Structures are given as C-alpha cells and as structure tokens.
Amino acid sequence: MEGGSFLNLIEKIDSFAVGIFRQFLIKEEGNRVVILTPNEEYKRWATAYLNTKLKGFGKAVVVECEKETKAVNKENKPAPKDNLSDRYTFENFVVGPSNELAYKVCFEVSENPGKLFNPLFIYGKSGLGKTHLLQSIGNRLKQDCRVLYIPLMDFSDAMVKALKENRIEEFREVFLGLDALLLDDVQFLVGKERTQIELFRIYEKLQSEDKQIVLVSDRHPKDLKDVSERLISRFESGLIIEIGLDDETKRRIVRQKLILYGLPLDEPTMEYVMGNTGYNVREIEGFIRTLKMVGFKPKSDQRKADKQKNVETVINIVAKSFKLNPELLKKKTKERKVMNAKHIAMYFCKTILNLSYSEISGIFGKKDHTSAIYAIKKVEQKCTEDRKFQYMISFLEKTVRKTLGL
Ligand code: ADP
Ligand code: MG
C-alpha cells in the first residue's frame, strides 16, 4: 500500500500539510510507515511535524531522506553522472502567476521530451527558480533517459581540459549520446568562441535526432551579445519563456519556506519576511534561515522601512478602491476624485499609522503640515455628514488594518 491510510489520517487533521506529504514517497509495510523525503529540510520538517501532530496512529512512522537511501545503494551500483540534485523537484516548486507558464512547459518537457517544445529556452533574473525547474526536468527524465544537467561554465571547462588532453572526441561522445541536454547559465557563452563552436556542433546533432535541449539564461537570446548569430537563431527557433516573481507567487513561496523551517505562519511573520526581502527566492530562503536561527532581529533602519511599506499599503488600498493609479495620490492634483482619495489616505496615515502632520504632508507632495491637518479634518467632517461615506471609511479602515496585521 502506498501511504494510503497514513495520508487519509493527515488529510483529516491538516488539509494543508497533506499537500506536502503527498510530495514524499510513502511506503506502508504492515505496522510501519516509511516516509522518504527529497532532502534534509523536508526530513526535518516532517519529523518535527509528526512529533507534534501525529498521535494515536498506531503505526511506527520512520522518516528518511532519499539522499541517505541512495548513498547506500550507490555503494553497490554507481549511478551515471548526471549532475542532478534531488533537492529540486516539480513537487517542491511553488507555482504562482509569474512562474506558472515556465513550470507547465518544463513539466510538459519532462513528460514528452524532444516533442513539443524543443529547444526550450527559459530566461529570467537571478534567484527565480530557473535552475530548480531545469533540474526538476532532469530528475523526472532520468529514469528513462540519458540526461545531463550542466552549467555552461562547467561545459566550457571540461571542453578546454579535453582539448588539452587530446580527448575531445571522448568529450563529444558524452554529449552526442544524450537524450536530453539541460544547459544552465548560457549567458556565460558570451565571448567564448571555441565553446560556442563545440556547443553548436553538439546542438545540431541532438536536434537532428529530436533529442531534447533546454537552455537557461539570465537574459533573452536577443540580449546575448558576442554570441554567434547561428547559435542565437537556433535558441530562438524554439519556445522562449520568461520567468518572474510577483507578489502573489512570493507570498506562496514565503509560506512554503516558513512551513519548512517550522516558523509560524501568522500575518506578522509573513509581513516581516515579505517586507524585508526582495524578489529573489534565494534571498528569501537566506532570510528565513537567519530568522530561524536568530529570531526577529529588526535592522537599524527596520522601522523606517516598515513605515514606508505601511504607507504604501494605505495608498494602494485607497487608490484601488477608487480605481486610481496609486502614484497619482502622491502628486499634486486638482482632480476631485484624486483629491478625495488622497485626503482619505492622509487620514489613515494619521489614524492608523499615527504619523506626524508634516510627515503626512511630505508623503503626499505638500509643503506645509497644515495641508495634512486640513485634509484630515475634511474627512472627519464628511464622516459626520454623510453616512455612506462613513461606511466606506470604516470598510477601508478594516481592510487596511487587516492587511497590516493590526
Ligand atoms: P536561479 O537559477 O533562477 O538563479 P534557483 O533555481 O537556483 O534560481 O533558485 C534559488 C533557490 O530558490 C533554490 O534553492 C530554489 O530551490 C528556490 N526556489 C526558487 N523558486 C522556487 C519556487 N517557485 N518554489 C520553491 N523554491 C524555489
Ligand atoms: Mg541558476
């Protein structure tokens, strides 16, 4: 039985955790359940989770890391070198609006290599999961295919070494015998003429045999300067997909990483991580790791950053409710609708964020602190005269407080 009754039990007690457990290989053998996690982080998480949450199951549950199990197997039969790390899987890749397309296409490639999307070219900034997706393809293909993951720099170094040692034919054979070549960081092709020539040769051969090629870069093929035209045009001949990171996806990733590190999933922790990290998953992971070790440790300019972020939240919520661009609220205006929204945002900066009048005036592009006093008075007055307006203000206030976790 493949973990059926164990998963049923988890599903009953925690519908979120069951999603994570489903990613693991679970074997139920008699009175024993063995859970194989893809990496140490998941092993730690699963062990801690089971120790605190699983009671009365009546079976012994053992958590092991796949790596450990494989290491033992390796002693008997060495696996072919594919440079793949089992910490990267489709299952532990968090999907959101900004990486969904890249995820789907990569998954499709791992289902049908050499068919629909060949070559596939994925590009995007650093730390957005490109290597993770590329390795996930490899991990899924490796059972049935001869697959190799290699960063361009390693390809180049190996080629130079082979040339020096008169083993270039041997080097080529390794690549020409592949079913799938997963080449990472191809931006480093720039200026490497000999590497480009060798790659072109391998590329042409693999393509002519419908072998899968996936290329990853930090920029679009068009922006790969100093790379031969013929290679660029080959890269452009397939599907090119950009990977990004938006707020929604970032939030989902933060959530997953907080769970993995056993940190609370409450609003203040979420906002703390969201507000102190940029749009880079590597940075988010580093931040959460530090958070786990040292706890909340506000940076010296933390308060300032928090304040700015809170102001942005107020402006965004108010602007959205008026269907306005938030930037308009910070500029001078005579337009009535913009002015009204601006006054309300200023009012919340006082009543919720407790900023000084001069700070508020500064934020909204006014010179004098009396502008803030005037705006806030106006909102207060309108609240006493207009019931509908008062309802709107209290609704917006609730939204702002909830978003800020206040
Ligand atoms: P890139 O190659 O784009 O620079 P990586 O693939 O190396 O980025 O990702 C950096 C780190 O962030 C890795 O540890 C990776 O597992 C993690 N990561 C990136 N995107 C995601 C995601 N969507 N879900 C889970 N982890 C992610
Ligand atoms: Mg990478």
# chains A, B, ... in the order shown; residues from 1 in each chain; ligands from 1

call {"tool": "residues_near_ligand", "arguments": {"ligand": "ligand 2", "cutoff": "8 Å", "atoms": "only C-alpha atoms and all ligand atoms", "output": "list in words"}}
result
Ser126, Gly127, Gly129, Lys130, Thr131, His132, Asp184, Asp185 and Val216 of chain A

call {"tool": "closest_atom_pairs", "arguments": {"of": "chain A", "to": "ligand 1", "cutoff": "8 Å", "atoms": "only C-alpha atoms and all ligand atoms", "output": "JSON lines"}}
result
{"residue": "A:Arg87", "atom": "CA", "partner": "ligand 1", "partner_atom_place_in_ligand_line": "16 (O)", "distance": 7.3}
{"residue": "A:Tyr88", "atom": "CA", "partner": "ligand 1", "partner_atom_place_in_ligand_line": "16 (O)", "distance": 6.1}
{"residue": "A:Asn92", "atom": "CA", "partner": "ligand 1", "partner_atom_place_in_ligand_line": "25 (C)", "distance": 5.8}
{"residue": "A:Phe93", "atom": "CA", "partner": "ligand 1", "partner_atom_place_in_ligand_line": "24 (N)", "distance": 3.7}
{"residue": "A:Val94", "atom": "CA", "partner": "ligand 1", "partner_atom_place_in_ligand_line": "24 (N)", "distance": 3.7}
{"residue": "A:Val95", "atom": "CA", "partner": "ligand 1", "partner_atom_place_in_ligand_line": "23 (N)", "distance": 5.5}
{"residue": "A:Gly96", "atom": "CA", "partner": "ligand 1", "partner_atom_place_in_ligand_line": "23 (N)", "distance": 7.6}
{"residue": "A:Asn99", "atom": "CA", "partner": "ligand 1", "partner_atom_place_in_ligand_line": "23 (N)", "distance": 7.0}
{"residue": "A:Gly124", "atom": "CA", "partner": "ligand 1", "partner_atom_place_in_ligand_line": "3 (O)", "distance": 6.6}
{"residue": "A:Lys125", "atom": "CA", "partner": "ligand 1", "partner_atom_place_in_ligand_line": "3 (O)", "distance": 6.2}
{"residue": "A:Ser126", "atom": "CA", "partner": "ligand 1", "partner_atom_place_in_ligand_line": "4 (O)", "distance": 3.8}
{"residue": "A:Gly127", "atom": "CA", "partner": "ligand 1", "partner_atom_place_in_ligand_line": "4 (O)", "distance": 3.4}
{"residue": "A:Leu128", "atom": "CA", "partner": "ligand 1", "partner_atom_place_in_ligand_line": "3 (O)", "distance": 3.9}
{"residue": "A:Gly129", "atom": "CA", "partner": "ligand 1", "partner_atom_place_in_ligand_line": "6 (O)", "distance": 3.1}
{"residue": "A:Lys130", "atom": "CA", "partner": "ligand 1", "partner_atom_place_in_ligand_line": "3 (O)", "distance": 3.7}
{"residue": "A:Thr131", "atom": "CA", "partner": "ligand 1", "partner_atom_place_in_ligand_line": "6 (O)", "distance": 3.6}
{"residue": "A:His132", "atom": "CA", "partner": "ligand 1", "partner_atom_place_in_ligand_line": "6 (O)", "distance": 3.7}
{"residue": "A:Leu133", "atom": "CA", "partner": "ligand 1", "partner_atom_place_in_ligand_line": "6 (O)", "distance": 6.5}
{"residue": "A:Leu134", "atom": "CA", "partner": "ligand 1", "partner_atom_place_in_ligand_line": "6 (O)", "distance": 7.9}
{"residue": "A:Asp184", "atom": "CA", "partner": "ligand 1", "partner_atom_place_in_ligand_line": "2 (O)", "distance": 8.0}
{"residue": "A:Asp185", "atom": "CA", "partner": "ligand 1", "partner_atom_place_in_ligand_line": "2 (O)", "distance": 7.9}
{"residue": "A:Asp218", "atom": "CA", "partner": "ligand 1", "partner_atom_place_in_ligand_line": "3 (O)", "distance": 7.6}
{"residue": "A:Thr249", "atom": "CA", "partner": "ligand 1", "partner_atom_place_in_ligand_line": "23 (N)", "distance": 7.5}
{"residue": "A:Ile253", "atom": "CA", "partner": "ligand 1", "partner_atom_place_in_ligand_line": "24 (N)", "distance": 5.6}
{"residue": "A:Gln256", "atom": "CA", "partner": "ligand 1", "partner_atom_place_in_ligand_line": "25 (C)", "distance": 7.5}
{"residue": "A:Lys257", "atom": "CA", "partner": "ligand 1", "partner_atom_place_in_ligand_line": "25 (C)", "distance": 7.7}
{"residue": "A:Asn280", "atom": "CA", "partner": "ligand 1", "partner_atom_place_in_ligand_line": "12 (O)", "distance": 7.5}
{"residue": "A:Val281", "atom": "CA", "partner": "ligand 1", "partner_atom_place_in_ligand_line": "12 (O)", "distance": 4.3}
{"residue": "A:Arg282", "atom": "CA", "partner": "ligand 1", "partner_atom_place_in_ligand_line": "11 (C)", "distance": 4.3}
{"residue": "A:Glu283", "atom": "CA", "partner": "ligand 1", "partner_atom_place_in_ligand_line": "12 (O)", "distance": 7.9}
{"residue": "A:Ile284", "atom": "CA", "partner": "ligand 1", "partner_atom_place_in_ligand_line": "12 (O)", "distance": 7.8}
{"residue": "A:Glu285", "atom": "CA", "partner": "ligand 1", "partner_atom_place_in_ligand_line": "12 (O)", "distance": 6.7}

call {"tool": "select_by_dssp", "arguments": {"residues": "range 167-291 of chain A", "states": "strand (DSSP E or B)", "output": "list of chain:residue names"}}
result
A:Ala180, A:Leu181, A:Leu182, A:Leu183, A:Asp184, A:Gln212, A:Ile213, A:Val214, A:Leu215, A:Val216, A:Ser217, A:Leu239, A:Ile240, A:Ile241, A:Glu242

call {"tool": "write_last_selection", "arguments": {"atoms": "C-alpha atoms", "output": "compact mmCIF listing (two decimals), in the first residue's frame"}}
result
# COMPACT_ATOMS: atom_id res chain seq x y z
CA ALA A 180 18.27 15.36 -23.07
CA LEU A 181 20.78 18.15 -22.55
CA LEU A 182 19.96 20.65 -19.82
CA LEU A 183 22.29 23.60 -20.14
CA ASP A 184 22.27 26.20 -17.37
CA GLN A 212 15.54 17.43 -26.02
CA ILE A 213 17.54 20.59 -25.36
CA VAL A 214 16.65 23.02 -22.58
CA LEU A 215 18.60 26.21 -22.16
CA VAL A 216 18.51 28.58 -19.21
CA SER A 217 19.84 32.11 -19.16
CA LEU A 239 9.86 28.25 -27.30
CA ILE A 240 11.20 31.14 -25.21
CA ILE A 241 9.64 31.71 -21.81
CA GLU A 242 10.35 34.34 -19.20

call {"tool": "atom_distance", "arguments": {"atom1": "CA of Pro268 in chain A", "atom2": "CA of Met293 in chain A"}}
result
17.7 Å

call {"tool": "residues_around", "arguments": {"residues": "Glu359 in chain A", "least_positions_apart": "4", "cutoff": "8 Å", "atoms": "only C-alpha atoms", "output": "ChimeraX atom specification"}}
result
/A:355,363,369

call {"tool": "write_last_selection", "arguments": {"atoms": "all heavy atoms", "output": "compact mmCIF listing (two decimals), in the first residue's frame"}}
result
# COMPACT_ATOMS: atom_id res chain seq x y z
N LEU A 355 1.26 58.88 11.99
CA LEU A 355 2.39 59.70 11.50
C LEU A 355 2.14 61.17 11.87
O LEU A 355 1.00 61.57 12.12
CB LEU A 355 2.53 59.58 9.98
CG LEU A 355 2.70 58.19 9.39
CD1 LEU A 355 3.03 58.28 7.90
CD2 LEU A 355 3.81 57.42 10.10
N ILE A 363 4.75 63.14 2.38
CA ILE A 363 4.47 61.93 1.57
C ILE A 363 3.57 62.25 0.39
O ILE A 363 3.74 61.74 -0.71
CB ILE A 363 3.79 60.85 2.46
CG1 ILE A 363 4.78 60.33 3.49
CG2 ILE A 363 3.25 59.70 1.62
CD1 ILE A 363 4.15 59.55 4.63
N HIS A 369 2.66 71.43 6.86
CA HIS A 369 1.92 70.46 7.68
C HIS A 369 0.43 70.80 7.79
O HIS A 369 -0.40 69.93 8.06
CB HIS A 369 2.53 70.38 9.09
CG HIS A 369 2.26 71.55 9.95
ND1 HIS A 369 2.88 72.77 9.78
CD2 HIS A 369 1.39 71.71 10.98
CE1 HIS A 369 2.43 73.61 10.67
NE2 HIS A 369 1.52 73.00 11.42

call {"tool": "residues_around", "arguments": {"residues": "Gly191 in chain A", "least_positions_apart": "6", "cutoff": "12 Å", "atoms": "only C-alpha atoms", "output": "MDAnalysis selection string"}}
result
chainID A and resid 156 197 224:228

call {"tool": "write_last_selection", "arguments": {"atoms": "all heavy atoms", "output": "CSV table (one decimal), in the first residue's frame"}}
result
chain,number,residue,atom,x,y,z
A,156,SER,N,32.3,24.5,-20.6
A,156,SER,CA,33.4,25.1,-21.2
A,156,SER,C,34.7,24.6,-20.5
A,156,SER,O,35.7,24.3,-21.3
A,156,SER,CB,33.3,26.6,-20.9
A,156,SER,OG,34.2,27.3,-21.6
A,197,ILE,N,31.5,27.1,-30.7
A,197,ILE,CA,31.7,26.2,-31.9
A,197,ILE,C,31.3,24.7,-31.4
A,197,ILE,O,30.6,24.0,-32.1
A,197,ILE,CB,33.1,26.3,-32.4
A,197,ILE,CG1,33.3,27.7,-33.0
A,197,ILE,CG2,33.4,25.2,-33.4
A,197,ILE,CD1,34.8,28.0,-33.4
A,224,LEU,N,22.0,38.3,-25.8
A,224,LEU,CA,23.3,37.6,-25.6
A,224,LEU,C,24.3,38.2,-26.6
A,224,LEU,O,24.3,37.7,-27.8
A,224,LEU,CB,23.1,36.1,-25.8
A,224,LEU,CG,22.3,35.3,-24.8
A,224,LEU,CD1,22.0,33.9,-25.3
A,224,LEU,CD2,23.1,35.2,-23.5
A,225,LYS,N,24.9,39.2,-26.2
A,225,LYS,CA,25.9,39.8,-27.2
A,225,LYS,C,27.1,39.0,-27.3
A,225,LYS,O,27.4,38.2,-26.4
A,225,LYS,CB,26.3,41.2,-26.6
A,225,LYS,CG,25.1,42.1,-26.3
A,225,LYS,CD,24.6,42.9,-27.5
A,225,LYS,CE,23.4,43.7,-27.2
A,225,LYS,NZ,22.1,43.2,-27.6
A,226,ASP,N,27.8,39.1,-28.4
A,226,ASP,CA,29.0,38.3,-28.6
A,226,ASP,C,28.8,36.8,-28.6
A,226,ASP,O,29.7,36.1,-28.2
A,226,ASP,CB,30.1,38.7,-27.5
A,226,ASP,CG,30.9,39.9,-27.9
A,226,ASP,OD1,31.0,40.1,-29.1
A,226,ASP,OD2,31.5,40.5,-27.0
A,227,VAL,N,27.6,36.4,-29.1
A,227,VAL,CA,27.4,35.0,-29.3
A,227,VAL,C,27.0,34.9,-30.7
A,227,VAL,O,26.3,35.7,-31.3
A,227,VAL,CB,26.2,34.5,-28.4
A,227,VAL,CG1,25.9,33.1,-28.7
A,227,VAL,CG2,26.6,34.6,-26.9
A,228,SER,N,27.5,33.8,-31.4
A,228,SER,CA,27.4,33.8,-32.9
A,228,SER,C,25.9,33.8,-33.3
A,228,SER,O,25.1,33.2,-32.6
A,228,SER,CB,28.0,32.5,-33.4
A,228,SER,OG,27.3,31.4,-32.9

call {"tool": "residues_around", "arguments": {"residues": "Leu25 in chain A", "least_positions_apart": "4", "cutoff": "7 Å", "atoms": "only C-alpha atoms", "output": "ChimeraX atom specification"}}
result
/A:35-37

call {"tool": "residues_around", "arguments": {"residues": "Lys342 in chain A", "least_positions_apart": "4", "cutoff": "10 Å", "atoms": "only C-alpha atoms", "output": "number ranges by chain"}}
result
A: 315, 318-319, 326, 328-333, 336-338, 346-347, 364, 375

call {"tool": "write_last_selection", "arguments": {"atoms": "all heavy atoms", "output": "tab-separated table (two decimals), in the first residue's frame"}}
result
chain	number	residue	atom	x	y	z
A	315	ILE	N	-1.87	53.65	0.72
A	315	ILE	CA	-2.10	54.31	-0.57
A	315	ILE	C	-2.66	53.31	-1.59
A	315	ILE	O	-3.63	53.61	-2.30
A	315	ILE	CB	-0.79	54.95	-1.09
A	315	ILE	CG1	-0.41	56.11	-0.18
A	315	ILE	CG2	-0.94	55.42	-2.53
A	315	ILE	CD1	0.90	56.78	-0.51
A	318	VAL	N	-6.39	52.44	-0.79
A	318	VAL	CA	-7.32	53.55	-1.08
A	318	VAL	C	-7.41	53.76	-2.60
A	318	VAL	O	-8.51	53.88	-3.15
A	318	VAL	CB	-6.86	54.85	-0.36
A	318	VAL	CG1	-7.75	56.02	-0.77
A	318	VAL	CG2	-6.89	54.66	1.15
A	319	ALA	N	-6.25	53.78	-3.25
A	319	ALA	CA	-6.25	54.03	-4.70
A	319	ALA	C	-7.06	52.95	-5.42
A	319	ALA	O	-7.85	53.25	-6.32
A	319	ALA	CB	-4.82	54.05	-5.23
A	326	PRO	N	-2.00	54.32	-7.86
A	326	PRO	CA	-1.52	54.81	-6.56
A	326	PRO	C	-0.56	56.00	-6.66
A	326	PRO	O	-0.57	56.88	-5.81
A	326	PRO	CB	-0.79	53.59	-5.96
A	326	PRO	CG	-1.30	52.42	-6.68
A	326	PRO	CD	-1.76	52.89	-8.02
A	328	LEU	N	-0.69	58.51	-8.49
A	328	LEU	CA	-1.40	59.80	-8.61
A	328	LEU	C	-1.63	60.45	-7.26
A	328	LEU	O	-1.67	61.67	-7.14
A	328	LEU	CB	-2.78	59.57	-9.27
A	328	LEU	CG	-2.79	59.29	-10.77
A	328	LEU	CD1	-4.20	59.02	-11.23
A	328	LEU	CD2	-2.20	60.49	-11.50
A	329	LEU	N	-1.77	59.63	-6.22
A	329	LEU	CA	-2.08	60.17	-4.90
A	329	LEU	C	-0.90	60.92	-4.29
A	329	LEU	O	-1.07	61.72	-3.37
A	329	LEU	CB	-2.52	59.04	-3.94
A	329	LEU	CG	-4.01	58.72	-3.92
A	329	LEU	CD1	-4.51	58.28	-5.27
A	329	LEU	CD2	-4.30	57.64	-2.89
A	330	LYS	N	0.28	60.65	-4.81
A	330	LYS	CA	1.47	61.31	-4.22
A	330	LYS	C	1.81	62.61	-4.95
A	330	LYS	O	2.72	63.31	-4.57
A	330	LYS	CB	2.66	60.36	-4.28
A	330	LYS	CG	2.47	59.11	-3.45
A	330	LYS	CD	3.72	58.24	-3.56
A	330	LYS	CE	3.39	56.79	-3.40
A	330	LYS	NZ	4.40	55.91	-3.92
A	331	LYS	N	1.07	62.86	-6.03
A	331	LYS	CA	1.39	64.06	-6.82
A	331	LYS	C	0.37	65.16	-6.60
A	331	LYS	O	-0.72	64.92	-6.10
A	331	LYS	CB	1.41	63.68	-8.30
A	331	LYS	CG	2.57	62.77	-8.62
A	331	LYS	CD	2.58	62.42	-10.09
A	331	LYS	CE	3.64	61.38	-10.35
A	331	LYS	NZ	3.26	60.42	-11.35
A	332	LYS	N	0.74	66.36	-7.05
A	332	LYS	CA	-0.20	67.49	-6.97
A	332	LYS	C	-1.36	67.23	-7.92
A	332	LYS	O	-1.17	66.71	-9.01
A	332	LYS	CB	0.50	68.77	-7.40
A	332	LYS	CG	1.32	69.37	-6.29
A	332	LYS	CD	1.71	70.79	-6.62
A	332	LYS	CE	2.49	71.33	-5.47
A	332	LYS	NZ	3.64	72.12	-5.86
A	333	THR	N	-2.55	67.61	-7.48
A	333	THR	CA	-3.70	67.39	-8.37
A	333	THR	C	-4.83	68.37	-8.07
A	333	THR	O	-4.94	68.89	-6.97
A	333	THR	CB	-4.24	65.95	-8.21
A	333	THR	OG1	-5.33	65.78	-9.10
A	333	THR	CG2	-4.73	65.69	-6.80
A	336	ARG	N	-10.96	66.15	-8.72
A	336	ARG	CA	-11.73	65.91	-7.50
A	336	ARG	C	-11.60	64.48	-6.94
A	336	ARG	O	-11.37	64.28	-5.75
A	336	ARG	CB	-13.21	66.20	-7.81
A	336	ARG	CG	-13.94	66.74	-6.62
A	336	ARG	CD	-15.38	67.07	-6.97
A	336	ARG	NE	-16.12	67.18	-5.71
A	336	ARG	CZ	-16.00	68.21	-4.90
A	336	ARG	NH1	-15.18	69.21	-5.19
A	336	ARG	NH2	-16.69	68.24	-3.77
A	337	LYS	N	-11.72	63.52	-7.86
A	337	LYS	CA	-11.67	62.12	-7.44
A	337	LYS	C	-10.31	61.79	-6.79
A	337	LYS	O	-10.24	61.15	-5.75
A	337	LYS	CB	-11.89	61.24	-8.67
A	337	LYS	CG	-12.12	59.79	-8.35
A	337	LYS	CD	-12.50	59.06	-9.63
A	337	LYS	CE	-12.35	57.58	-9.49
A	337	LYS	NZ	-12.47	56.87	-10.75
A	338	VAL	N	-9.26	62.28	-7.43
A	338	VAL	CA	-7.91	62.01	-6.90
A	338	VAL	C	-7.74	62.70	-5.55
A	338	VAL	O	-7.19	62.14	-4.60
A	338	VAL	CB	-6.83	62.49	-7.90
A	338	VAL	CG1	-5.43	62.15	-7.39
A	338	VAL	CG2	-7.04	61.88	-9.27
A	346	MET	N	-4.46	60.19	3.52
A	346	MET	CA	-3.79	61.03	4.54
A	346	MET	C	-4.44	60.81	5.91
A	346	MET	O	-3.76	60.71	6.94
A	346	MET	CB	-3.87	62.52	4.15
A	346	MET	CG	-3.03	62.84	2.94
A	346	MET	SD	-3.39	64.47	2.26
A	346	MET	CE	-2.12	65.45	3.04
A	347	TYR	N	-5.74	60.69	5.89
A	347	TYR	CA	-6.49	60.45	7.13
A	347	TYR	C	-6.04	59.14	7.79
A	347	TYR	O	-5.78	59.08	8.99
A	347	TYR	CB	-7.98	60.43	6.76
A	347	TYR	CG	-8.91	59.98	7.86
A	347	TYR	CD1	-9.26	60.83	8.90
A	347	TYR	CD2	-9.46	58.71	7.84
A	347	TYR	CE1	-10.12	60.42	9.91
A	347	TYR	CE2	-10.32	58.28	8.83
A	347	TYR	CZ	-10.65	59.14	9.87
A	347	TYR	OH	-11.50	58.71	10.85
A	364	PHE	N	2.60	63.14	0.63
A	364	PHE	CA	1.59	63.40	-0.41
A	364	PHE	C	1.91	64.66	-1.23
A	364	PHE	O	1.00	65.27	-1.81
A	364	PHE	CB	0.19	63.46	0.21
A	364	PHE	CG	-0.24	62.11	0.72
A	364	PHE	CD1	0.07	61.68	1.99
A	364	PHE	CD2	-0.92	61.23	-0.13
A	364	PHE	CE1	-0.29	60.42	2.44
A	364	PHE	CE2	-1.30	59.98	0.31
A	364	PHE	CZ	-0.97	59.57	1.59
A	375	ALA	N	-6.73	68.23	5.33
A	375	ALA	CA	-7.26	67.03	4.68
A	375	ALA	C	-7.95	66.12	5.70
A	375	ALA	O	-9.06	65.61	5.44
A	375	ALA	CB	-6.13	66.28	3.99

call {"tool": "atom_distance", "arguments": {"atom1": "CA of Ser361 in chain A", "atom2": "CA of Phe322 in chain A"}}
result
20.6 Å

call {"tool": "closest_residue", "arguments": {"among": "A:Ala48, A:Leu189, A:Leu353, A:Ala158", "to": "Leu260 in chain A", "atoms": "only C-alpha atoms"}}
result
A:Ala48

call {"tool": "closest_residue", "arguments": {"among": "A:Thr384, A:Thr195, A:Ser321, A:Ser358", "to": "Ala372 in chain A", "atoms": "only C-alpha atoms"}}
result
A:Ser358

call {"tool": "atom_distance", "arguments": {"atom1": "CA of Val33 in chain A", "atom2": "CA of Leu50 in chain A"}}
result
11.9 Å

call {"tool": "closest_residue", "arguments": {"among": "A:Val311, A:Gly405, A:Lys378, A:Tyr357", "to": "Asn340 in chain A", "atoms": "only C-alpha atoms"}}
result
A:Lys378

call {"tool": "closest_residue", "arguments": {"among": "A:Val61, A:Met274, A:Ile13, A:Val254", "to": "Glu29 in chain A", "atoms": "only C-alpha atoms"}}
result
A:Val61

call {"tool": "decode", "arguments": {"residues": "range 87-102 of chain A", "atoms": "N, CA, C and O atoms", "output": "PDB file, in the first residue's frame"}}
result
ATOM      1  N   ARG A  87      17.271  17.630  -4.560  1.00  0.00           N
ATOM      2  CA  ARG A  87      16.535  18.648  -3.797  1.00  0.00           C
ATOM      3  C   ARG A  87      15.621  19.471  -4.715  1.00  0.00           C
ATOM      4  O   ARG A  87      14.758  20.199  -4.265  1.00  0.00           O
ATOM      5  N   TYR A  88      15.824  19.333  -6.026  1.00  0.00           N
ATOM      6  CA  TYR A  88      14.974  20.094  -6.951  1.00  0.00           C
ATOM      7  C   TYR A  88      13.937  19.189  -7.601  1.00  0.00           C
ATOM      8  O   TYR A  88      14.293  18.326  -8.403  1.00  0.00           O
ATOM      9  N   THR A  89      12.683  19.415  -7.266  1.00  0.00           N
ATOM     10  CA  THR A  89      11.628  18.622  -7.897  1.00  0.00           C
ATOM     11  C   THR A  89      10.459  19.533  -8.280  1.00  0.00           C
ATOM     12  O   THR A  89      10.339  20.645  -7.757  1.00  0.00           O
ATOM     13  N   PHE A  90       9.614  19.043  -9.175  1.00  0.00           N
ATOM     14  CA  PHE A  90       8.415  19.815  -9.511  1.00  0.00           C
ATOM     15  C   PHE A  90       7.497  19.913  -8.292  1.00  0.00           C
ATOM     16  O   PHE A  90       6.803  20.892  -8.098  1.00  0.00           O
ATOM     17  N   GLU A  91       7.537  18.878  -7.461  1.00  0.00           N
ATOM     18  CA  GLU A  91       6.638  18.843  -6.311  1.00  0.00           C
ATOM     19  C   GLU A  91       6.970  19.930  -5.300  1.00  0.00           C
ATOM     20  O   GLU A  91       6.083  20.485  -4.666  1.00  0.00           O
ATOM     21  N   ASN A  92       8.255  20.226  -5.121  1.00  0.00           N
ATOM     22  CA  ASN A  92       8.551  21.268  -4.131  1.00  0.00           C
ATOM     23  C   ASN A  92       8.793  22.640  -4.774  1.00  0.00           C
ATOM     24  O   ASN A  92       9.304  23.551  -4.131  1.00  0.00           O
ATOM     25  N   PHE A  93       8.377  22.781  -6.015  1.00  0.00           N
ATOM     26  CA  PHE A  93       8.441  24.086  -6.673  1.00  0.00           C
ATOM     27  C   PHE A  93       7.089  24.762  -6.486  1.00  0.00           C
ATOM     28  O   PHE A  93       6.051  24.221  -6.873  1.00  0.00           O
ATOM     29  N   VAL A  94       7.101  25.929  -5.869  1.00  0.00           N
ATOM     30  CA  VAL A  94       5.833  26.629  -5.601  1.00  0.00           C
ATOM     31  C   VAL A  94       5.419  27.410  -6.849  1.00  0.00           C
ATOM     32  O   VAL A  94       6.218  28.166  -7.405  1.00  0.00           O
ATOM     33  N   VAL A  95       4.183  27.198  -7.262  1.00  0.00           N
ATOM     34  CA  VAL A  95       3.712  27.809  -8.510  1.00  0.00           C
ATOM     35  C   VAL A  95       2.797  28.994  -8.216  1.00  0.00           C
ATOM     36  O   VAL A  95       1.975  28.957  -7.307  1.00  0.00           O
ATOM     37  N   GLY A  96       2.973  30.055  -8.968  1.00  0.00           N
ATOM     38  CA  GLY A  96       2.108  31.236  -8.873  1.00  0.00           C
ATOM     39  C   GLY A  96       2.018  31.880 -10.238  1.00  0.00           C
ATOM     40  O   GLY A  96       2.605  31.370 -11.203  1.00  0.00           O
ATOM     41  N   PRO A  97       1.299  33.012 -10.321  1.00  0.00           N
ATOM     42  CA  PRO A  97       1.074  33.612 -11.643  1.00  0.00           C
ATOM     43  C   PRO A  97       2.354  33.875 -12.442  1.00  0.00           C
ATOM     44  O   PRO A  97       2.369  33.707 -13.656  1.00  0.00           O
ATOM     45  N   SER A  98       3.445  34.238 -11.778  1.00  0.00           N
ATOM     46  CA  SER A  98       4.623  34.669 -12.540  1.00  0.00           C
ATOM     47  C   SER A  98       5.539  33.520 -12.977  1.00  0.00           C
ATOM     48  O   SER A  98       6.468  33.747 -13.749  1.00  0.00           O
ATOM     49  N   ASN A  99       5.305  32.307 -12.479  1.00  0.00           N
ATOM     50  CA  ASN A  99       6.178  31.206 -12.933  1.00  0.00           C
ATOM     51  C   ASN A  99       5.374  30.007 -13.442  1.00  0.00           C
ATOM     52  O   ASN A  99       5.925  28.968 -13.756  1.00  0.00           O
ATOM     53  N   GLU A 100       4.058  30.205 -13.511  1.00  0.00           N
ATOM     54  CA  GLU A 100       3.177  29.096 -13.867  1.00  0.00           C
ATOM     55  C   GLU A 100       3.459  28.565 -15.282  1.00  0.00           C
ATOM     56  O   GLU A 100       3.527  27.351 -15.505  1.00  0.00           O
ATOM     57  N   LEU A 101       3.638  29.491 -16.202  1.00  0.00           N
ATOM     58  CA  LEU A 101       3.847  29.078 -17.586  1.00  0.00           C
ATOM     59  C   LEU A 101       5.163  28.296 -17.703  1.00  0.00           C
ATOM     60  O   LEU A 101       5.205  27.224 -18.314  1.00  0.00           O
ATOM     61  N   ALA A 102       6.221  28.847 -17.088  1.00  0.00           N
ATOM     62  CA  ALA A 102       7.520  28.165 -17.137  1.00  0.00           C
ATOM     63  C   ALA A 102       7.392  26.780 -16.513  1.00  0.00           C
ATOM     64  O   ALA A 102       7.894  25.788 -17.051  1.00  0.00           O
TER      65      ALA A 102
END
